Number of protein chains: 2
Amino acid sequence: MAVLERNLSLSQRMTQELGRAIVCGEYNVHESLPSEAVLCEDFGVSRTAVREAVKMLSAKGMISSRQRQGIRVLPEEEWNILDPDLLRWSLESNPSMRVLQEFLQMRIAIEPEAAWLAARHANPERIQAIHGALDRMEAARGKDPEAALEADIDFHISILYASENRFFIRMRDFTRTALNVSIRHTNVIKSNPAGVVADHGKVLDAIERQQPDEARDAMYALIDEALRFIESELDQPGKTA
Amino acid sequence: MAVLERNLSLSQRMTQELGRAIVCGEYNVHESLPSEAVLCEDFGVSRTAVREAVKMLSAKGMISSRQRQGIRVLPEEEWNILDPDLLRWSLESNPSMRVLQEFLQMRIAIEPEAAWLAARHANPERIQAIHGALDRMEAARGKDPEAALEADIDFHISILYASENRFFIRMRDFTRTALNVSIRHTNVIKSNPAGVVADHGKVLDAIERQQPDEARDAMYALIDEALRFIESELDQPGKTA
DNA sequence: GCACCGAAATGGTGTCATTTTTTTATCAGA
DNA sequence: TCTGATAAAAAAATGACACCATTTCGGTGC
């Protein structure tokens, strides 16, 4: 059995194990999972641990558990895929180009609008945070790719915060996860990091000058470039060599 | 007391009760909630019910529960406010104009882009669903406001489905909740239901003719009208009489 | 100031209760 | 006598509960 040594509680480990298994498609939709008793045997834990894991996953919309009926996997439409845990499990198990494309389509909806709002509100502290991230991008450029990635992510997330809208801010984990994966893919071709930093600078500049439409367009261009790259990959798979 | 629906399980009722209480701000952030034992007393249930409710809410990012430390409310940033349950609790407890505005800002990010994608894919079945919703809007116009509201919601959700992107589709519950509240507010002033139906028709028309940019613009205009109304309300509160 | 001990809170277990479905048995009608 | 339907009973799964274990923070004593 694949018991992960963590300092997490038993229920949390069970949740991760079961969640991952479901995301991986090890249990068919609308089919009953093994009963709690069987899961206890399989994982070598008590029923409480299994039950709390079941509750956690049903809180995320992944399964339903009713008396006599047993535990059932709900159709994927019902899953709270914006949930950080679910996102992580999805990407770890299913890092397909198709998901990457859908990620970027979502980002292209969210982030330009967030930039628009950020330009309207222009809270100095929030702008300072964006500035800091951009500076770190510039500093790490060409030298420390890992730090550059971190700074890139911080840049985008700082803008979400600057929108001053709780729903945009909530997309933080979504954006972080999406960026972590997609930047590693798209940076293969973008061998012009100076240009990337400049493009990011345009967004910040528009926000500072409180030009919402400019900020939106600049952010749109930034993400659209990555999206077009992914879509060209999807059209002619295997082009990268 | 406030014992709700009898056909829900004890844990589910506890989850709702506790969730609502937390959303209402009855417990301060970073402060310990009553211990599980006390909650058992307060609600007259066993510890299992309380514990499962705690697990559910921590799966939604609302609380953290550690040994000896007790149960603590996490800062609002950590809450999965896209979760349907959390959304419902939020709106039932805190139906402020501010939240409504943030709802609409989010919709204006999501739905125009979804319409754009829908126009690109133009799956006949999905378009048929949008058509059906629009027809029902037209049929109920001026006669059955409740049916008109239902049809309106179905229209917007059908477009999310037509985007063929799992993340947009997932915004279904968000959109449904937002619309349910916001339409009731904005329809007070919009005494021109024929014009509303026509505006919706423009979106569908653009999708059918596979004109993504037109579809996006039409959807943007549709939501922007409601947003402007809300923002004028926020600027001069109490204008409605 | 350090170490040990105790209390308080969640973590984990075994057992019984409840609900729902399925199967079987009985009765009625052809 | 055979077939069908209905009702009752049993079984299988989750739901609920009381009890014990473990961990961690705080106090106290040396």
# chains A, B, ... in the order shown; residues from 1 in each chain; ligands from 1

call {"tool": "closest_atom_pairs", "arguments": {"of": "segment 1-66 of chain A", "to": "segment 11-19 of chain C", "cutoff": "12 Å", "atoms": "only C-alpha atoms (C1' of nucleotides)", "output": "tab-separated table"}}
result
residue	atom	partner	partner_atom	distance
A:Leu8	CA	C:DG11	C1'	11.4
A:Ser9	CA	C:DG11	C1'	7.9
A:Leu10	CA	C:DG11	C1'	8.4
A:Ser11	CA	C:DG11	C1'	9.2
A:Gln12	CA	C:DG11	C1'	11.5
A:Val45	CA	C:DG12	C1'	9.1
A:Ser46	CA	C:DT13	C1'	6.8
A:Arg47	CA	C:DT13	C1'	8.2
A:Thr48	CA	C:DG12	C1'	7.1
A:Ala49	CA	C:DG12	C1'	7.8
A:Val50	CA	C:DG12	C1'	11.2
A:Arg51	CA	C:DG12	C1'	11.9
A:Glu52	CA	C:DG11	C1'	11.4
A:Arg66	CA	C:DT19	C1'	9.4

call {"tool": "write_last_selection", "arguments": {"atoms": "all heavy atoms", "output": "CSV table (one decimal), in the first residue's frame"}}
result
chain,number,residue,atom,x,y,z
A,8,LEU,N,1.1,14.7,8.3
A,8,LEU,CA,-0.3,15.0,8.2
A,8,LEU,C,-1.1,14.0,9.0
A,8,LEU,O,-0.6,12.9,9.3
A,8,LEU,CB,-0.8,14.9,6.7
A,8,LEU,CG,-0.2,16.0,5.8
A,8,LEU,CD1,-0.7,15.7,4.4
A,8,LEU,CD2,-0.6,17.4,6.3
A,9,SER,N,-2.3,14.3,9.3
A,9,SER,CA,-3.2,13.3,10.1
A,9,SER,C,-3.6,12.2,9.1
A,9,SER,O,-3.5,12.3,7.9
A,9,SER,CB,-4.4,14.0,10.6
A,9,SER,OG,-5.3,14.3,9.6
A,10,LEU,N,-4.1,11.1,9.8
A,10,LEU,CA,-4.5,10.0,9.0
A,10,LEU,C,-5.6,10.3,8.0
A,10,LEU,O,-5.5,9.9,6.8
A,10,LEU,CB,-5.0,8.9,10.0
A,10,LEU,CG,-4.2,7.7,10.1
A,10,LEU,CD1,-4.9,6.7,11.0
A,10,LEU,CD2,-3.9,7.0,8.8
A,11,SER,N,-6.6,11.1,8.5
A,11,SER,CA,-7.7,11.5,7.6
A,11,SER,C,-7.2,12.2,6.4
A,11,SER,O,-7.6,12.0,5.2
A,11,SER,CB,-8.7,12.3,8.3
A,11,SER,OG,-8.7,12.1,9.7
A,12,GLN,N,-6.2,13.1,6.6
A,12,GLN,CA,-5.7,13.9,5.5
A,12,GLN,C,-5.0,13.1,4.5
A,12,GLN,O,-5.1,13.3,3.3
A,12,GLN,CB,-4.8,15.1,6.0
A,12,GLN,CG,-5.6,16.2,6.7
A,12,GLN,CD,-4.8,17.2,7.4
A,12,GLN,OE1,-3.8,16.8,8.0
A,12,GLN,NE2,-5.1,18.5,7.3
A,45,VAL,N,-6.4,1.4,7.9
A,45,VAL,CA,-6.8,2.4,8.9
A,45,VAL,C,-8.2,2.1,9.4
A,45,VAL,O,-8.8,1.2,9.0
A,45,VAL,CB,-6.8,3.8,8.2
A,45,VAL,CG1,-5.4,4.2,7.7
A,45,VAL,CG2,-7.8,3.8,7.1
A,46,SER,N,-8.5,2.9,10.4
A,46,SER,CA,-9.9,2.7,11.0
A,46,SER,C,-10.9,3.3,10.2
A,46,SER,O,-10.7,4.1,9.3
A,46,SER,CB,-9.9,3.3,12.4
A,46,SER,OG,-10.0,4.7,12.3
A,47,ARG,N,-12.2,3.0,10.5
A,47,ARG,CA,-13.3,3.6,9.7
A,47,ARG,C,-13.4,5.1,9.9
A,47,ARG,O,-13.8,5.7,8.9
A,47,ARG,CB,-14.6,2.9,10.2
A,47,ARG,CG,-15.0,1.8,9.2
A,47,ARG,CD,-16.5,1.4,9.4
A,47,ARG,NE,-17.4,2.5,9.1
A,47,ARG,CZ,-18.6,2.6,9.6
A,47,ARG,NH1,-19.0,1.8,10.5
A,47,ARG,NH2,-19.4,3.6,9.2
A,48,THR,N,-13.0,5.6,11.0
A,48,THR,CA,-13.1,7.1,11.2
A,48,THR,C,-12.3,7.8,10.2
A,48,THR,O,-12.8,8.7,9.6
A,48,THR,CB,-12.6,7.4,12.6
A,48,THR,OG1,-13.4,6.7,13.6
A,48,THR,CG2,-12.9,8.9,12.9
A,49,ALA,N,-11.1,7.3,10.0
A,49,ALA,CA,-10.2,7.9,9.0
A,49,ALA,C,-10.8,7.9,7.6
A,49,ALA,O,-10.9,8.9,6.9
A,49,ALA,CB,-8.8,7.2,9.0
A,50,VAL,N,-11.4,6.7,7.3
A,50,VAL,CA,-12.0,6.6,5.9
A,50,VAL,C,-13.2,7.6,5.8
A,50,VAL,O,-13.4,8.3,4.9
A,50,VAL,CB,-12.4,5.2,5.7
A,50,VAL,CG1,-13.3,5.1,4.4
A,50,VAL,CG2,-11.2,4.3,5.6
A,51,ARG,N,-14.0,7.6,6.9
A,51,ARG,CA,-15.2,8.4,6.8
A,51,ARG,C,-14.9,9.9,6.7
A,51,ARG,O,-15.6,10.6,6.0
A,51,ARG,CB,-16.1,8.1,8.1
A,51,ARG,CG,-16.8,6.8,8.0
A,51,ARG,CD,-17.7,6.7,9.1
A,51,ARG,NE,-18.6,7.8,9.2
A,51,ARG,CZ,-19.6,7.9,10.1
A,51,ARG,NH1,-19.7,7.0,11.0
A,51,ARG,NH2,-20.4,8.9,10.1
A,52,GLU,N,-13.9,10.3,7.5
A,52,GLU,CA,-13.5,11.7,7.4
A,52,GLU,C,-13.0,12.1,6.0
A,52,GLU,O,-13.3,13.1,5.5
A,52,GLU,CB,-12.5,12.1,8.5
A,52,GLU,CG,-13.2,11.8,9.9
A,52,GLU,CD,-12.5,12.5,11.0
A,52,GLU,OE1,-11.3,12.9,10.8
A,52,GLU,OE2,-13.1,12.7,12.1
A,66,ARG,N,-24.3,7.6,0.5
A,66,ARG,CA,-25.6,7.5,1.1
A,66,ARG,C,-25.7,6.1,1.7
A,66,ARG,O,-25.1,5.1,1.2
A,66,ARG,CB,-26.7,7.7,0.0
A,66,ARG,CG,-26.9,9.2,-0.2
A,66,ARG,CD,-27.8,9.4,-1.4
A,66,ARG,NE,-29.0,8.6,-1.4
A,66,ARG,CZ,-29.8,8.5,-2.5
A,66,ARG,NH1,-29.6,9.2,-3.6
A,66,ARG,NH2,-30.9,7.8,-2.4

call {"tool": "interface_residues", "arguments": {"of": "chain B", "to": "chain A", "cutoff": "8 Å", "atoms": "only C-alpha atoms", "output": "list in words"}}
result
Glu52, Lys55, Met56, Leu57, Ser58, Ala59, Lys60, Glu77, Glu78, Trp79, Asn80, Ile81, Leu82, Asp83, Glu102, Phe103, Met106, Ala109, Ile110, Glu113, Asn165, Arg166, Phe167, Phe168, Ile169 and Arg170 of chain B

call {"tool": "closest_residue", "arguments": {"among": "A:Ser182, A:Gln69, A:Ser35, A:Gln16", "to": "chain C", "atoms": "only C-alpha atoms (C1' of nucleotides)"}}
result
A:Gln69

call {"tool": "closest_residue", "arguments": {"among": "B:Ser90, B:Gln67, B:Gln210, B:Thr177", "to": "Asn123 of chain B", "atoms": "only C-alpha atoms"}}
result
B:Gln210

call {"tool": "atom_distance", "arguments": {"atom1": "atom CA of Ile183 of chain B", "atom2": "atom CA of Leu87 of chain B"}}
result
16.3 Å

call {"tool": "select_by_dssp", "arguments": {"residues": "segment 4-241 of chain A", "states": "strand (DSSP E)", "output": "compact mmCIF listing (two decimals) with N, CA and C atoms, in the first residue's frame"}}
result
# COMPACT_ATOMS: atom_id res chain seq x y z
N ILE A 63 -17.57 12.96 -4.57
CA ILE A 63 -18.29 11.72 -4.34
C ILE A 63 -19.58 11.99 -3.58
N SER A 64 -20.47 11.03 -3.61
CA SER A 64 -21.65 11.11 -2.76
C SER A 64 -21.73 9.82 -1.97
N SER A 65 -22.16 9.92 -0.74
CA SER A 65 -22.17 8.76 0.14
C SER A 65 -23.53 8.67 0.80
N ARG A 66 -24.28 7.62 0.47
CA ARG A 66 -25.60 7.46 1.08
C ARG A 66 -25.74 6.07 1.65
N GLY A 70 -23.91 3.16 -0.72
CA GLY A 70 -22.46 3.16 -0.74
C GLY A 70 -21.89 4.47 -1.23
N ILE A 71 -20.61 4.44 -1.56
CA ILE A 71 -19.91 5.63 -2.00
C ILE A 71 -19.85 5.63 -3.52
N ARG A 72 -20.24 6.75 -4.13
CA ARG A 72 -20.22 6.81 -5.59
C ARG A 72 -19.45 8.02 -6.08
N VAL A 73 -18.76 7.85 -7.19
CA VAL A 73 -18.06 8.96 -7.81
C VAL A 73 -19.07 9.80 -8.58

call {"tool": "residues_around", "arguments": {"residues": "segment 25-30 of chain C", "least_positions_apart": "3", "cutoff": "10 Å", "atoms": "only C-alpha atoms (C1' of nucleotides)", "output": "ChimeraX atom specification"}}
result
/D:2-9

call {"tool": "write_last_selection", "arguments": {"atoms": "C-alpha atoms (C1' of nucleotides)", "output": "PDB file, in the first residue's frame"}}
result
ATOM      1  C1'  DC D   2     -48.844 -21.640 -12.687  1.00  0.00           C
ATOM      2  C1'  DT D   3     -47.851 -16.804 -12.833  1.00  0.00           C
ATOM      3  C1'  DG D   4     -47.703 -12.267 -11.093  1.00  0.00           C
ATOM      4  C1'  DA D   5     -47.789  -8.850  -7.700  1.00  0.00           C
ATOM      5  C1'  DT D   6     -47.355  -7.212  -3.191  1.00  0.00           C
ATOM      6  C1'  DA D   7     -45.677  -7.213   1.310  1.00  0.00           C
ATOM      7  C1'  DA D   8     -42.538  -8.497   4.744  1.00  0.00           C
ATOM      8  C1'  DA D   9     -38.082  -9.769   6.314  1.00  0.00           C
TER       9       DA D   9
END

call {"tool": "residues_around", "arguments": {"residues": "Ile127 of chain A", "least_positions_apart": "3", "cutoff": "9 Å", "atoms": "only C-alpha atoms (C1' of nucleotides)", "output": "number ranges by chain"}}
result
A: 118, 122-124, 130-132, 158-159, 162, 204, 207-208

call {"tool": "write_last_selection", "arguments": {"atoms": "N, CA, C and O atoms", "output": "PDB file, in the first residue's frame"}}
result
ATOM      1  N   ALA A 118      -7.476  46.583 -11.302  1.00  0.00           N
ATOM      2  CA  ALA A 118      -6.305  47.071 -10.568  1.00  0.00           C
ATOM      3  C   ALA A 118      -5.974  48.497 -10.981  1.00  0.00           C
ATOM      4  O   ALA A 118      -5.645  49.340 -10.134  1.00  0.00           O
ATOM      5  N   ALA A 122      -5.892  51.119  -8.058  1.00  0.00           N
ATOM      6  CA  ALA A 122      -4.547  51.680  -7.893  1.00  0.00           C
ATOM      7  C   ALA A 122      -4.166  51.928  -6.442  1.00  0.00           C
ATOM      8  O   ALA A 122      -3.709  53.009  -6.073  1.00  0.00           O
ATOM      9  N   ASN A 123      -4.370  50.933  -5.606  1.00  0.00           N
ATOM     10  CA  ASN A 123      -3.932  51.010  -4.221  1.00  0.00           C
ATOM     11  C   ASN A 123      -2.404  50.962  -4.177  1.00  0.00           C
ATOM     12  O   ASN A 123      -1.799  50.021  -4.687  1.00  0.00           O
ATOM     13  N   PRO A 124      -1.763  51.994  -3.594  1.00  0.00           N
ATOM     14  CA  PRO A 124      -0.286  52.090  -3.629  1.00  0.00           C
ATOM     15  C   PRO A 124       0.413  50.842  -3.097  1.00  0.00           C
ATOM     16  O   PRO A 124       1.405  50.387  -3.685  1.00  0.00           O
ATOM     17  N   ILE A 130       3.351  44.532  -6.855  1.00  0.00           N
ATOM     18  CA  ILE A 130       3.557  44.175  -8.259  1.00  0.00           C
ATOM     19  C   ILE A 130       4.962  44.599  -8.695  1.00  0.00           C
ATOM     20  O   ILE A 130       5.688  43.852  -9.356  1.00  0.00           O
ATOM     21  N   HIS A 131       5.324  45.825  -8.285  1.00  0.00           N
ATOM     22  CA  HIS A 131       6.651  46.352  -8.603  1.00  0.00           C
ATOM     23  C   HIS A 131       7.745  45.420  -8.099  1.00  0.00           C
ATOM     24  O   HIS A 131       8.683  45.080  -8.817  1.00  0.00           O
ATOM     25  N   GLY A 132       7.606  44.998  -6.859  1.00  0.00           N
ATOM     26  CA  GLY A 132       8.607  44.115  -6.259  1.00  0.00           C
ATOM     27  C   GLY A 132       8.779  42.845  -7.058  1.00  0.00           C
ATOM     28  O   GLY A 132       9.901  42.395  -7.318  1.00  0.00           O
ATOM     29  N   SER A 158      -0.078  39.250  -7.622  1.00  0.00           N
ATOM     30  CA  SER A 158      -0.173  40.591  -7.044  1.00  0.00           C
ATOM     31  C   SER A 158      -1.248  41.406  -7.743  1.00  0.00           C
ATOM     32  O   SER A 158      -1.939  42.226  -7.123  1.00  0.00           O
ATOM     33  N   ILE A 159      -1.383  41.174  -9.043  1.00  0.00           N
ATOM     34  CA  ILE A 159      -2.411  41.913  -9.795  1.00  0.00           C
ATOM     35  C   ILE A 159      -3.802  41.451  -9.391  1.00  0.00           C
ATOM     36  O   ILE A 159      -4.735  42.240  -9.284  1.00  0.00           O
ATOM     37  N   ALA A 162      -4.581  43.219  -6.376  1.00  0.00           N
ATOM     38  CA  ALA A 162      -4.820  44.645  -6.627  1.00  0.00           C
ATOM     39  C   ALA A 162      -6.216  44.907  -7.184  1.00  0.00           C
ATOM     40  O   ALA A 162      -6.689  46.045  -7.174  1.00  0.00           O
ATOM     41  N   LEU A 204       2.144  46.704 -15.815  1.00  0.00           N
ATOM     42  CA  LEU A 204       2.311  47.484 -14.579  1.00  0.00           C
ATOM     43  C   LEU A 204       2.251  48.974 -14.868  1.00  0.00           C
ATOM     44  O   LEU A 204       1.615  49.736 -14.123  1.00  0.00           O
ATOM     45  N   ILE A 207      -1.215  50.112 -15.247  1.00  0.00           N
ATOM     46  CA  ILE A 207      -1.920  50.129 -13.955  1.00  0.00           C
ATOM     47  C   ILE A 207      -1.513  51.367 -13.164  1.00  0.00           C
ATOM     48  O   ILE A 207      -2.359  52.060 -12.589  1.00  0.00           O
ATOM     49  N   GLU A 208      -0.221  51.676 -13.174  1.00  0.00           N
ATOM     50  CA  GLU A 208       0.258  52.834 -12.413  1.00  0.00           C
ATOM     51  C   GLU A 208      -0.310  54.134 -12.961  1.00  0.00           C
ATOM     52  O   GLU A 208      -0.623  55.051 -12.198  1.00  0.00           O
TER      53      GLU A 208
END

call {"tool": "residues_around", "arguments": {"residues": "DA10 of chain D", "least_positions_apart": "6", "cutoff": "12 Å", "atoms": "only C-alpha atoms (C1' of nucleotides)", "output": "list in words"}}
result
DT20, DT21, DT22, DT23 and DT24 of chain C

call {"tool": "closest_atom_pairs", "arguments": {"of": "chain C", "to": "segment 22-27 of chain D", "cutoff": "10 Å", "atoms": "only C-alpha atoms (C1' of nucleotides)", "output": "CSV"}}
result
residue,atom,partner,partner_atom,distance
C:DC5,C1',D:DG27,C1',9.3
C:DG6,C1',D:DG27,C1',8.9
C:DA7,C1',D:DG26,C1',9.1
C:DA8,C1',D:DC25,C1',9.1
C:DA9,C1',D:DT24,C1',9.1
C:DT10,C1',D:DT23,C1',8.6
C:DG11,C1',D:DT22,C1',7.0
C:DG12,C1',D:DT22,C1',9.1

call {"tool": "write_last_selection", "arguments": {"atoms": "N, CA, C and O atoms (P, O5', C5', C4', C3', O3' and C1' of nucleotides)", "output": "mmCIF file, in the first residue's frame"}}
result
data_model
loop_
_atom_site.group_PDB
_atom_site.id
_atom_site.type_symbol
_atom_site.label_atom_id
_atom_site.label_comp_id
_atom_site.auth_asym_id
_atom_site.auth_seq_id
_atom_site.Cartn_x
_atom_site.Cartn_y
_atom_site.Cartn_z
ATOM 1 P P DC C 5 7.951 13.527 35.473
ATOM 2 O "O5'" DC C 5 6.514 13.889 36.054
ATOM 3 C "C5'" DC C 5 6.373 15.024 36.919
ATOM 4 C "C4'" DC C 5 5.126 15.807 36.573
ATOM 5 C "C3'" DC C 5 3.926 14.950 36.129
ATOM 6 O "O3'" DC C 5 2.774 15.434 36.783
ATOM 7 C "C1'" DC C 5 4.274 16.644 34.564
ATOM 8 P P DG C 6 1.600 14.460 37.171
ATOM 9 O "O5'" DG C 6 0.288 15.315 36.883
ATOM 10 C "C5'" DG C 6 0.266 16.716 37.205
ATOM 11 C "C4'" DG C 6 -0.571 17.469 36.191
ATOM 12 C "C3'" DG C 6 -1.822 16.717 35.700
ATOM 13 O "O3'" DG C 6 -2.878 17.658 35.598
ATOM 14 C "C1'" DG C 6 -0.570 17.415 33.854
ATOM 15 P P DA C 7 -4.360 17.285 36.014
ATOM 16 O "O5'" DA C 7 -5.257 18.305 35.179
ATOM 17 C "C5'" DA C 7 -4.782 19.643 34.983
ATOM 18 C "C4'" DA C 7 -5.007 20.074 33.544
ATOM 19 C "C3'" DA C 7 -6.334 19.597 32.929
ATOM 20 O "O3'" DA C 7 -6.848 20.643 32.131
ATOM 21 C "C1'" DA C 7 -4.584 18.948 31.534
ATOM 22 P P DA C 8 -8.438 20.893 32.100
ATOM 23 O "O5'" DA C 8 -8.628 21.475 30.633
ATOM 24 C "C5'" DA C 8 -7.596 22.281 30.053
ATOM 25 C "C4'" DA C 8 -7.503 22.000 28.564
ATOM 26 C "C3'" DA C 8 -8.819 21.567 27.921
ATOM 27 O "O3'" DA C 8 -8.961 22.198 26.673
ATOM 28 C "C1'" DA C 8 -7.157 19.997 27.431
ATOM 29 P P DA C 9 -10.435 22.601 26.150
ATOM 30 O "O5'" DA C 9 -10.418 22.199 24.613
ATOM 31 C "C5'" DA C 9 -9.383 22.677 23.754
ATOM 32 C "C4'" DA C 9 -8.894 21.568 22.858
ATOM 33 C "C3'" DA C 9 -9.993 20.794 22.132
ATOM 34 O "O3'" DA C 9 -10.138 21.286 20.809
ATOM 35 C "C1'" DA C 9 -8.228 19.364 22.895
ATOM 36 P P DT C 10 -11.232 20.614 19.798
ATOM 37 O "O5'" DT C 10 -10.354 19.522 19.052
ATOM 38 C "C5'" DT C 10 -9.360 19.924 18.133
ATOM 39 C "C4'" DT C 10 -8.401 18.791 17.828
ATOM 40 C "C3'" DT C 10 -8.884 17.795 16.769
ATOM 41 O "O3'" DT C 10 -7.779 17.437 15.940
ATOM 42 C "C1'" DT C 10 -8.329 16.640 18.726
ATOM 43 P P DG C 11 -7.977 16.429 14.713
ATOM 44 O "O5'" DG C 11 -7.431 15.063 15.316
ATOM 45 C "C5'" DG C 11 -6.028 14.855 15.467
ATOM 46 C "C4'" DG C 11 -5.732 13.369 15.612
ATOM 47 C "C3'" DG C 11 -6.412 12.468 14.595
ATOM 48 O "O3'" DG C 11 -5.530 11.411 14.214
ATOM 49 C "C1'" DG C 11 -7.109 11.846 16.768
ATOM 50 P P DG C 12 -6.045 10.233 13.251
ATOM 51 O "O5'" DG C 12 -6.563 9.128 14.285
ATOM 52 C "C5'" DG C 12 -5.632 8.433 15.111
ATOM 53 C "C4'" DG C 12 -6.330 7.271 15.795
ATOM 54 C "C3'" DG C 12 -7.061 6.284 14.866
ATOM 55 O "O3'" DG C 12 -6.688 4.962 15.228
ATOM 56 C "C1'" DG C 12 -8.512 7.022 16.575
#

call {"tool": "atom_distance", "arguments": {"atom1": "atom CA of Gly19 of chain A", "atom2": "atom CA of Glu92 of chain A"}}
result
11.7 Å
